[in-house]
Structure formats: structure tokens, C-alpha cells
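Structure below is coords_3.pdb: PDB, C-alpha atoms.
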```pdb
ATOM      1  CA  MET T   1     119.467  31.324  82.858
ATOM      2  CA  THR T   2     116.702  28.765  82.387
ATOM      3  CA  ALA T   3     116.755  25.431  84.143
ATOM      4  CA  SER T   4     117.782  22.361  82.195
ATOM      5  CA  PRO T   5     114.936  20.181  80.944
ATOM      6  CA  ASN T   6     117.044  17.227  82.177
ATOM      7  CA  LEU T   7     116.567  17.436  85.941
ATOM      8  CA  LEU T   8     118.855  14.461  86.535
ATOM      9  CA  SER T   9     121.790  16.381  85.052
ATOM     10  CA  GLU T  10     121.365  19.006  87.780
ATOM     11  CA  LEU T  11     121.713  16.478  90.623
ATOM     12  CA  PRO T  12     124.941  15.615  92.409
ATOM     13  CA  PRO T  13     126.839  12.809  90.642
ATOM     14  CA  GLY T  14     126.982   9.310  92.107
ATOM     15  CA  LEU T  15     123.383   9.026  93.290
ATOM     16  CA  ASP T  16     121.441   5.820  92.760
ATOM     17  CA  GLY T  17     117.863   6.007  91.459
ATOM     18  CA  LEU T  18     116.232   6.421  94.859
ATOM     19  CA  GLY T  19     118.754   9.114  95.745
ATOM     20  CA  GLN T  20     117.927  10.951  92.516
ATOM     21  CA  LEU T  21     114.172  10.837  93.169
ATOM     22  CA  ARG T  22     114.605  11.985  96.765
ATOM     23  CA  ALA T  23     116.892  14.829  95.668
ATOM     24  CA  MET T  24     114.243  15.980  93.180
ATOM     25  CA  LEU T  25     111.562  15.792  95.885
ATOM     26  CA  ALA T  26     113.763  17.757  98.302
ATOM     27  CA  THR T  27     114.163  20.610  95.808
ATOM     28  CA  GLY T  28     110.493  20.608  94.808
ATOM     29  CA  ARG T  29     111.464  20.308  91.135
ATOM     30  CA  GLN T  30     109.260  18.308  88.797
ATOM     31  CA  PRO T  31     109.826  17.408  85.145
ATOM     32  CA  SER T  32     108.275  19.829  82.656
ATOM     33  CA  ILE T  33     105.702  17.215  81.545
ATOM     34  CA  HIS T  34     104.446  17.113  85.129
ATOM     35  CA  LYS T  35     103.928  20.871  85.144
ATOM     36  CA  LEU T  36     102.132  20.751  81.804
ATOM     37  CA  LEU T  37      99.755  17.967  82.888
ATOM     38  CA  ASN T  38      99.368  18.846  86.597
ATOM     39  CA  ILE T  39     101.087  15.669  87.802
ATOM     40  CA  ALA T  40     103.390  15.457  90.828
ATOM     41  CA  LEU T  41     105.636  12.774  92.262
ATOM     42  CA  ILE T  42     104.987  13.168  95.988
ATOM     43  CA  SER T  43     106.879  10.285  97.608
ATOM     44  CA  ALA T  44     109.540   7.734  96.780
ATOM     45  CA  GLU T  45     110.706   4.710  98.715
ATOM     46  CA  SER T  46     112.723   1.764  97.490
ATOM     47  CA  GLY T  47     110.423   0.055  94.990
ATOM     48  CA  PHE T  48     107.360   2.198  95.736
ATOM     49  CA  VAL T  49     106.250   5.677  94.654
ATOM     50  CA  THR T  50     103.156   7.843  94.863
ATOM     51  CA  VAL T  51     102.047  10.250  92.144
ATOM     52  CA  LEU T  52      99.142  12.720  92.374
ATOM     53  CA  ALA T  53      97.377  14.201  89.370
ATOM     54  CA  SER T  54      94.592  16.734  88.949
ATOM     55  CA  PRO T  55      92.931  16.308  85.570
ATOM     56  CA  GLY T  56      90.857  19.237  84.387
ATOM     57  CA  GLU T  57      88.662  20.181  81.469
ATOM     58  CA  GLU T  58      91.763  20.604  79.281
ATOM     59  CA  ASN T  59      92.361  16.829  79.610
ATOM     60  CA  LEU T  60      88.939  15.731  78.359
ATOM     61  CA  ASN T  61      88.251  13.765  75.197
ATOM     62  CA  PRO T  62      85.217  14.570  72.989
ATOM     63  CA  ALA T  63      83.025  12.251  75.105
ATOM     64  CA  GLY T  64      83.678  14.403  78.191
ATOM     65  CA  THR T  65      85.866  11.963  80.107
ATOM     66  CA  VAL T  66      89.584  12.297  80.834
ATOM     67  CA  HIS T  67      91.568  11.186  77.795
ATOM     68  CA  GLY T  68      93.116   7.742  78.068
ATOM     69  CA  GLY T  69      96.480   9.198  77.082
ATOM     70  CA  TYR T  70      96.445  11.402  80.177
ATOM     71  CA  ILE T  71      95.693   8.392  82.363
ATOM     72  CA  ALA T  72      98.428   6.431  80.559
ATOM     73  CA  THR T  73     100.911   9.212  81.272
ATOM     74  CA  VAL T  74     100.074   9.191  84.990
ATOM     75  CA  LEU T  75     100.420   5.400  85.150
ATOM     76  CA  ASP T  76     103.638   5.430  83.073
ATOM     77  CA  THR T  77     105.044   7.991  85.501
ATOM     78  CA  ALA T  78     104.210   5.807  88.505
ATOM     79  CA  CYS T  79     105.566   2.645  86.862
ATOM     80  CA  GLY T  80     108.712   4.385  85.641
ATOM     81  CA  CYS T  81     109.462   6.072  88.948
ATOM     82  CA  ALA T  82     108.938   2.782  90.831
ATOM     83  CA  GLY T  83     111.600   1.223  88.607
ATOM     84  CA  HIS T  84     113.784   4.335  88.862
ATOM     85  CA  SER T  85     113.763   3.989  92.653
ATOM     86  CA  ALA T  86     115.707   0.723  92.356
ATOM     87  CA  LEU T  87     118.270   1.779  89.746
ATOM     88  CA  PRO T  88     121.939   1.408  90.604
ATOM     89  CA  VAL T  89     124.308   4.340  90.088
ATOM     90  CA  HIS T  90     125.015   5.199  86.417
ATOM     91  CA  THR T  91     121.937   3.402  85.085
ATOM     92  CA  ALA T  92     119.024   4.799  83.082
ATOM     93  CA  TYR T  93     115.772   3.258  81.888
ATOM     94  CA  THR T  94     113.198   3.610  79.147
ATOM     95  CA  THR T  95     109.686   2.226  79.055
ATOM     96  CA  LEU T  96     109.714  -0.729  76.698
ATOM     97  CA  GLU T  97     106.106  -1.793  77.206
ATOM     98  CA  LEU T  98     103.069  -0.371  79.004
ATOM     99  CA  LYS T  99      99.788  -2.260  79.321
ATOM    100  CA  ILE T 100      96.810  -0.380  80.709
ATOM    101  CA  SER T 101      93.374  -1.472  81.859
ATOM    102  CA  TYR T 102      90.727   1.219  82.296
ATOM    103  CA  HIS T 103      88.287   0.216  85.050
ATOM    104  CA  ARG T 104      86.115   3.335  85.491
ATOM    105  CA  PRO T 105      85.732   6.642  83.675
ATOM    106  CA  VAL T 106      87.672   9.609  85.014
ATOM    107  CA  THR T 107      86.027  13.015  84.667
ATOM    108  CA  ALA T 108      87.010  16.602  85.400
ATOM    109  CA  GLN T 109      84.914  16.238  88.565
ATOM    110  CA  SER T 110      86.945  13.245  89.764
ATOM    111  CA  GLY T 111      89.288  15.630  91.570
ATOM    112  CA  LYS T 112      92.775  14.524  92.519
ATOM    113  CA  ILE T 113      93.665  11.032  91.445
ATOM    114  CA  ARG T 114      96.440   8.954  92.983
ATOM    115  CA  ALA T 115      98.762   6.473  91.304
ATOM    116  CA  GLU T 116     100.867   4.113  93.358
ATOM    117  CA  GLY T 117     103.713   2.424  91.516
ATOM    118  CA  ARG T 118     105.434  -0.713  92.721
ATOM    119  CA  LEU T 119     108.551  -2.535  91.554
ATOM    120  CA  LEU T 120     107.837  -6.210  90.900
ATOM    121  CA  SER T 121     111.383  -7.284  89.968
ATOM    122  CA  ILE T 122     114.605  -5.901  88.569
ATOM    123  CA  GLY T 123     117.533  -7.555  86.817
ATOM    124  CA  LYS T 124     120.559  -6.369  84.886
ATOM    125  CA  ARG T 125     118.610  -5.605  81.688
ATOM    126  CA  ALA T 126     114.984  -5.063  82.653
ATOM    127  CA  ALA T 127     112.655  -4.062  85.450
ATOM    128  CA  PHE T 128     108.999  -4.964  85.817
ATOM    129  CA  THR T 129     106.564  -2.633  87.565
ATOM    130  CA  GLU T 130     102.864  -2.105  88.166
ATOM    131  CA  ALA T 131     100.688   0.857  89.114
ATOM    132  CA  LYS T 132      97.136   1.401  90.294
ATOM    133  CA  LEU T 133      95.184   4.628  89.821
ATOM    134  CA  THR T 134      92.480   5.467  92.366
ATOM    135  CA  ASP T 135      90.144   8.344  93.140
ATOM    136  CA  ALA T 136      89.831  10.131  96.501
ATOM    137  CA  ALA T 137      87.421   7.425  97.737
ATOM    138  CA  GLY T 138      89.944   4.695  96.884
ATOM    139  CA  LYS T 139      87.979   3.336  93.905
ATOM    140  CA  LEU T 140      90.165   1.713  91.257
ATOM    141  CA  LEU T 141      90.099   3.776  88.046
ATOM    142  CA  ALA T 142      92.858   2.147  86.007
ATOM    143  CA  SER T 143      95.858  -0.142  86.385
ATOM    144  CA  ALA T 144      99.023  -0.811  84.429
ATOM    145  CA  THR T 145     102.002  -3.084  84.131
ATOM    146  CA  SER T 146     105.265  -1.979  82.589
ATOM    147  CA  THR T 147     108.522  -3.402  81.337
ATOM    148  CA  LEU T 148     111.481  -1.034  81.594
ATOM    149  CA  ILE T 149     114.711  -1.574  79.685
ATOM    150  CA  LEU T 150     117.814  -0.677  81.705
ATOM    151  CA  THR T 151     120.774   1.060  80.112
ATOM    152  CA  PRO T 152     124.207   1.498  81.707
ATOM    153  CA  LEU T 153     125.547   5.041  81.569
ATOM    154  CA  ALA T 154     129.193   6.000  81.454
ATOM    155  CA  ALA T 155     130.419   7.435  84.728
ATOM    156  CA  PRO T 156     131.340  11.109  84.403
ATOM    157  CA  GLU T 157     135.039  11.799  84.251
ATOM    158  CA  ASN T 158     136.668  13.512  87.220
ATOM    159  CA  PRO T 159     138.332  16.718  86.048
ATOM    160  CA  ARG T 160     141.619  17.404  87.830
TER     161      ARG T 160
END
```
Could you show the structure in this file as C-alpha cells?
Amino acid sequence: MTASPNLLSELPPGLDGLGQLRAMLATGRQPSIHKLLNIALISAESGFVTVLASPGEENLNPAGTVHGGYIATVLDTACGCAGHSALPVHTAYTTLELKISYHRPVTAQSGKIRAEGRLLSIGKRAAFTEAKLTDAAGKLLASATSTLILTPLAAPENPR
């Protein structure tokens, strides 16, 4: 049997967002997009997450630098997970808006890059987050802000 592509559906019911992220970290499971792009959520606290990524030659654009879409995906992951960490039980989110600023080129030789995502505020309908991407020396490579739309989910029924 193959694992579900929806990791959240495999978690115990009734967890809030931080509980879901911590449960995923405890099992070592990562979403399939993370495996494909060599990205990993490595820590989650309330309103703050850390993501590591290792771009390689397969992530380069024709100019020989890491494609902006790869960087956007890493930053979207950090922003989204920062918002996810503050979700109440039975709530989902989707990125509504992502604004990115590229500060320095990222190359295949950049090595591991680190994105730190932070929750700025959360309400009933939206969350606002930011993320910063740095290299091993702590130099700022890119930054992002994100608006996440929150969606209530129906609580699962209790079979008797």
C-alpha cells in the first residue's frame, strides 16, 4: 500500500496546526513536493518554522542560477508552515498572495539554504506571514510576505 499524498489525513484527528506539524516532524514524513525539490521542514514552534533546502544543478535556470520558482517554493513553504503553526483545529489554509524579493543570486554552489517563516498576525479569515532565505553564512538571499486565506473544515463524524 502506498502512502497517501495528503499527509494531514494520516494524522490523528483533533490536532491543531502546530500539533499537525509536530506530528509530521516526529514521523519524519515530508510532503512529496519536498522530496522532489530537496526541501525539508526541520522545526516548528507556534508562529515560527525553519525550512532547509539544498538546490542542485537540476534547479538551475538557463543563466546558471537557481530558478526563482524554486526559491519561491521554499519561501512559500516557510510562510505557509508559519501560518499553519497557528491554525485552530479543523481549519485549513491556502496561499492567497505571495510577494518575493530576490536579494542575491543563489547557485548550485550555495549549498544548503535556510528559510525562517514567521507569523505576523492571524484572524478568522486570513493570516499574514513573512519569510527570509539565507545562505550558510547568514547572508540574505530572498524574502517574502504572504497572505493566507483560512478555511473552516467540517469535523469528522464519530462512527459508533
task: Starting from the shown file, work through the PyMOL selection byres ((chain T and resi 32-44) around 9) and note down what comes out as JSON, numbers by chain.
output: {"T": [5, 18, 21, 22, 25, 30, 31, 45, 46, 47, 48, 49, 50, 51, 52, 53, 54, 55, 56, 59, 70, 73, 74, 77, 78, 81, 82, 85]}
task: Output the residue selection produced by the PyMOL selection byres ((chain T and resi 122) around 10) on the file above, formatted as JSON, numbers by chain.
output: {"T": [47, 83, 86, 87, 119, 120, 121, 123, 124, 125, 126, 127, 128, 129, 147, 148, 149, 150]}
task: Please identify all polymer residues within 9 Å of Pro13 (chain T), counting all atoms listed in the file, omitting same-chain residues fewer than 3 positions from it, and present them as a ChimeraX atom specification.
output: /T:9-10,89-90,155-156
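The residue that comes closest to Leu96 (chain T), out of T:Val66, T:Asp135, T:Ser146, T:Arg29 and on the basis of only C-alpha atoms, is T:Ser146.
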statement: Between CA of Ala154 (chain T) and CA of Arg118 (chain T) lies a distance of 27.1 Å
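Across the model, the gap from CA of Ala142 (chain T) to CA of His103 (chain T) is 5.1 Å.
One finds CA of Ala131 (chain T) at 22.7 Å from CA of Asn61 (chain T).
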Identify the residues around (88.8, 13.2, 94.4) within a radius of 7 Å, measuring from all atoms listed in the file in the coordinates stated by the file, and give them as a PDB file with C-alpha atoms, keeping the file's coordinate frame.
```pdb
ATOM      1  CA  SER T 110      86.945  13.245  89.764  1.00  0.00           C
ATOM      2  CA  GLY T 111      89.288  15.630  91.570  1.00  0.00           C
ATOM      3  CA  LYS T 112      92.775  14.524  92.519  1.00  0.00           C
ATOM      4  CA  ILE T 113      93.665  11.032  91.445  1.00  0.00           C
ATOM      5  CA  ASP T 135      90.144   8.344  93.140  1.00  0.00           C
ATOM      6  CA  ALA T 136      89.831  10.131  96.501  1.00  0.00           C
ATOM      7  CA  ALA T 137      87.421   7.425  97.737  1.00  0.00           C
TER       8      ALA T 137
END
```
- request: Considering only C-alpha atoms, state which residue in the set T:Leu133, T:Thr151, T:Glu116, T:Ala108 is at the smallest distance from Glu57 (chain T).
  value: T:Ala108
How big is the axis-aligned box around the listed atoms of region 90-108 of chain T once 3 Å is added on each side, and where is its centre? Give both in Å to one decimal, as lines of an AutoDock Vina configuration file.
```
center_x = 105.4
center_y = 7.2
center_z = 81.6
size_x = 45.3
size_y = 24.9
size_z = 15.7
```
Please rebuild region 79-114 of chain T with N, CA and C atoms and give the result as a PDB file, keeping the file's coordinate frame.
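Output below, filename part.pdb:
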```
ATOM      1  N   CYS T  79     104.792   3.854  87.164  1.00  0.00           N
ATOM      2  CA  CYS T  79     105.566   2.645  86.862  1.00  0.00           C
ATOM      3  C   CYS T  79     107.047   2.975  86.684  1.00  0.00           C
ATOM      4  N   GLY T  80     107.327   4.008  85.897  1.00  0.00           N
ATOM      5  CA  GLY T  80     108.712   4.385  85.641  1.00  0.00           C
ATOM      6  C   GLY T  80     109.447   4.806  86.893  1.00  0.00           C
ATOM      7  N   CYS T  81     108.801   5.613  87.713  1.00  0.00           N
ATOM      8  CA  CYS T  81     109.462   6.072  88.948  1.00  0.00           C
ATOM      9  C   CYS T  81     109.671   4.926  89.935  1.00  0.00           C
ATOM     10  N   ALA T  82     108.743   3.954  89.964  1.00  0.00           N
ATOM     11  CA  ALA T  82     108.938   2.782  90.831  1.00  0.00           C
ATOM     12  C   ALA T  82     110.189   2.027  90.404  1.00  0.00           C
ATOM     13  N   GLY T  83     110.378   1.853  89.097  1.00  0.00           N
ATOM     14  CA  GLY T  83     111.600   1.223  88.607  1.00  0.00           C
ATOM     15  C   GLY T  83     112.821   2.082  88.860  1.00  0.00           C
ATOM     16  N   HIS T  84     112.675   3.395  88.649  1.00  0.00           N
ATOM     17  CA  HIS T  84     113.784   4.335  88.862  1.00  0.00           C
ATOM     18  C   HIS T  84     114.287   4.246  90.299  1.00  0.00           C
ATOM     19  N   SER T  85     113.379   4.024  91.237  1.00  0.00           N
ATOM     20  CA  SER T  85     113.763   3.989  92.653  1.00  0.00           C
ATOM     21  C   SER T  85     114.716   2.848  92.984  1.00  0.00           C
ATOM     22  N   ALA T  86     114.829   1.870  92.104  1.00  0.00           N
ATOM     23  CA  ALA T  86     115.707   0.723  92.356  1.00  0.00           C
ATOM     24  C   ALA T  86     116.940   0.703  91.450  1.00  0.00           C
ATOM     25  N   LEU T  87     117.131   1.762  90.664  1.00  0.00           N
ATOM     26  CA  LEU T  87     118.270   1.779  89.746  1.00  0.00           C
ATOM     27  C   LEU T  87     119.596   1.924  90.486  1.00  0.00           C
ATOM     28  N   PRO T  88     120.605   1.164  90.066  1.00  0.00           N
ATOM     29  CA  PRO T  88     121.939   1.408  90.604  1.00  0.00           C
ATOM     30  C   PRO T  88     122.519   2.700  90.014  1.00  0.00           C
ATOM     31  N   VAL T  89     123.609   3.152  90.584  1.00  0.00           N
ATOM     32  CA  VAL T  89     124.308   4.340  90.088  1.00  0.00           C
ATOM     33  C   VAL T  89     124.679   4.127  88.621  1.00  0.00           C
ATOM     34  N   HIS T  90     124.624   5.202  87.835  1.00  0.00           N
ATOM     35  CA  HIS T  90     125.015   5.199  86.417  1.00  0.00           C
ATOM     36  C   HIS T  90     124.167   4.251  85.573  1.00  0.00           C
ATOM     37  N   THR T  91     122.864   4.222  85.862  1.00  0.00           N
ATOM     38  CA  THR T  91     121.937   3.402  85.085  1.00  0.00           C
ATOM     39  C   THR T  91     120.711   4.239  84.755  1.00  0.00           C
ATOM     40  N   ALA T  92     120.238   4.107  83.518  1.00  0.00           N
ATOM     41  CA  ALA T  92     119.024   4.799  83.082  1.00  0.00           C
ATOM     42  C   ALA T  92     118.009   3.742  82.658  1.00  0.00           C
ATOM     43  N   TYR T  93     116.800   4.179  82.357  1.00  0.00           N
ATOM     44  CA  TYR T  93     115.772   3.258  81.888  1.00  0.00           C
ATOM     45  C   TYR T  93     114.900   3.954  80.850  1.00  0.00           C
ATOM     46  N   THR T  94     114.210   3.147  80.084  1.00  0.00           N
ATOM     47  CA  THR T  94     113.198   3.610  79.147  1.00  0.00           C
ATOM     48  C   THR T  94     112.048   2.619  79.199  1.00  0.00           C
ATOM     49  N   THR T  95     110.835   3.122  79.102  1.00  0.00           N
ATOM     50  CA  THR T  95     109.686   2.226  79.055  1.00  0.00           C
ATOM     51  C   THR T  95     109.722   1.447  77.751  1.00  0.00           C
ATOM     52  N   LEU T  96     109.735   0.145  77.861  1.00  0.00           N
ATOM     53  CA  LEU T  96     109.714  -0.729  76.698  1.00  0.00           C
ATOM     54  C   LEU T  96     108.277  -1.135  76.365  1.00  0.00           C
ATOM     55  N   GLU T  97     107.482  -1.354  77.403  1.00  0.00           N
ATOM     56  CA  GLU T  97     106.106  -1.793  77.206  1.00  0.00           C
ATOM     57  C   GLU T  97     105.239  -1.267  78.352  1.00  0.00           C
ATOM     58  N   LEU T  98     104.029  -0.847  78.004  1.00  0.00           N
ATOM     59  CA  LEU T  98     103.069  -0.371  79.004  1.00  0.00           C
ATOM     60  C   LEU T  98     101.708  -0.942  78.631  1.00  0.00           C
ATOM     61  N   LYS T  99     101.114  -1.703  79.545  1.00  0.00           N
ATOM     62  CA  LYS T  99      99.788  -2.260  79.321  1.00  0.00           C
ATOM     63  C   LYS T  99      98.840  -1.649  80.341  1.00  0.00           C
ATOM     64  N   ILE T 100      97.748  -1.095  79.845  1.00  0.00           N
ATOM     65  CA  ILE T 100      96.810  -0.380  80.709  1.00  0.00           C
ATOM     66  C   ILE T 100      95.439  -1.015  80.634  1.00  0.00           C
ATOM     67  N   SER T 101      94.783  -1.081  81.784  1.00  0.00           N
ATOM     68  CA  SER T 101      93.374  -1.472  81.859  1.00  0.00           C
ATOM     69  C   SER T 101      92.619  -0.309  82.487  1.00  0.00           C
ATOM     70  N   TYR T 102      91.565   0.122  81.807  1.00  0.00           N
ATOM     71  CA  TYR T 102      90.727   1.219  82.296  1.00  0.00           C
ATOM     72  C   TYR T 102      89.509   0.597  82.977  1.00  0.00           C
ATOM     73  N   HIS T 103      89.350   0.850  84.271  1.00  0.00           N
ATOM     74  CA  HIS T 103      88.287   0.216  85.050  1.00  0.00           C
ATOM     75  C   HIS T 103      87.036   1.081  85.189  1.00  0.00           C
ATOM     76  N   ARG T 104      87.221   2.394  85.323  1.00  0.00           N
ATOM     77  CA  ARG T 104      86.115   3.335  85.491  1.00  0.00           C
ATOM     78  C   ARG T 104      86.454   4.622  84.748  1.00  0.00           C
ATOM     79  N   PRO T 105      85.438   5.352  84.313  1.00  0.00           N
ATOM     80  CA  PRO T 105      85.732   6.642  83.675  1.00  0.00           C
ATOM     81  C   PRO T 105      86.261   7.650  84.694  1.00  0.00           C
ATOM     82  N   VAL T 106      87.159   8.492  84.221  1.00  0.00           N
ATOM     83  CA  VAL T 106      87.672   9.609  85.014  1.00  0.00           C
ATOM     84  C   VAL T 106      87.120  10.869  84.366  1.00  0.00           C
ATOM     85  N   THR T 107      86.586  11.773  85.186  1.00  0.00           N
ATOM     86  CA  THR T 107      86.027  13.015  84.667  1.00  0.00           C
ATOM     87  C   THR T 107      86.737  14.200  85.301  1.00  0.00           C
ATOM     88  N   ALA T 108      86.430  15.389  84.816  1.00  0.00           N
ATOM     89  CA  ALA T 108      87.010  16.602  85.400  1.00  0.00           C
ATOM     90  C   ALA T 108      86.549  16.768  86.849  1.00  0.00           C
ATOM     91  N   GLN T 109      85.434  16.158  87.201  1.00  0.00           N
ATOM     92  CA  GLN T 109      84.914  16.238  88.565  1.00  0.00           C
ATOM     93  C   GLN T 109      85.510  15.171  89.489  1.00  0.00           C
ATOM     94  N   SER T 110      86.339  14.302  88.944  1.00  0.00           N
ATOM     95  CA  SER T 110      86.945  13.245  89.764  1.00  0.00           C
ATOM     96  C   SER T 110      87.872  13.817  90.827  1.00  0.00           C
ATOM     97  N   GLY T 111      88.355  15.026  90.613  1.00  0.00           N
ATOM     98  CA  GLY T 111      89.288  15.630  91.570  1.00  0.00           C
ATOM     99  C   GLY T 111      90.658  14.990  91.452  1.00  0.00           C
ATOM    100  N   LYS T 112      91.425  15.093  92.531  1.00  0.00           N
ATOM    101  CA  LYS T 112      92.775  14.524  92.519  1.00  0.00           C
ATOM    102  C   LYS T 112      92.684  13.011  92.413  1.00  0.00           C
ATOM    103  N   ILE T 113      93.548  12.475  91.569  1.00  0.00           N
ATOM    104  CA  ILE T 113      93.665  11.032  91.445  1.00  0.00           C
ATOM    105  C   ILE T 113      95.067  10.634  91.882  1.00  0.00           C
ATOM    106  N   ARG T 114      95.193   9.407  92.364  1.00  0.00           N
ATOM    107  CA  ARG T 114      96.440   8.954  92.983  1.00  0.00           C
ATOM    108  C   ARG T 114      96.916   7.678  92.301  1.00  0.00           C
TER     109      ARG T 114
END
```
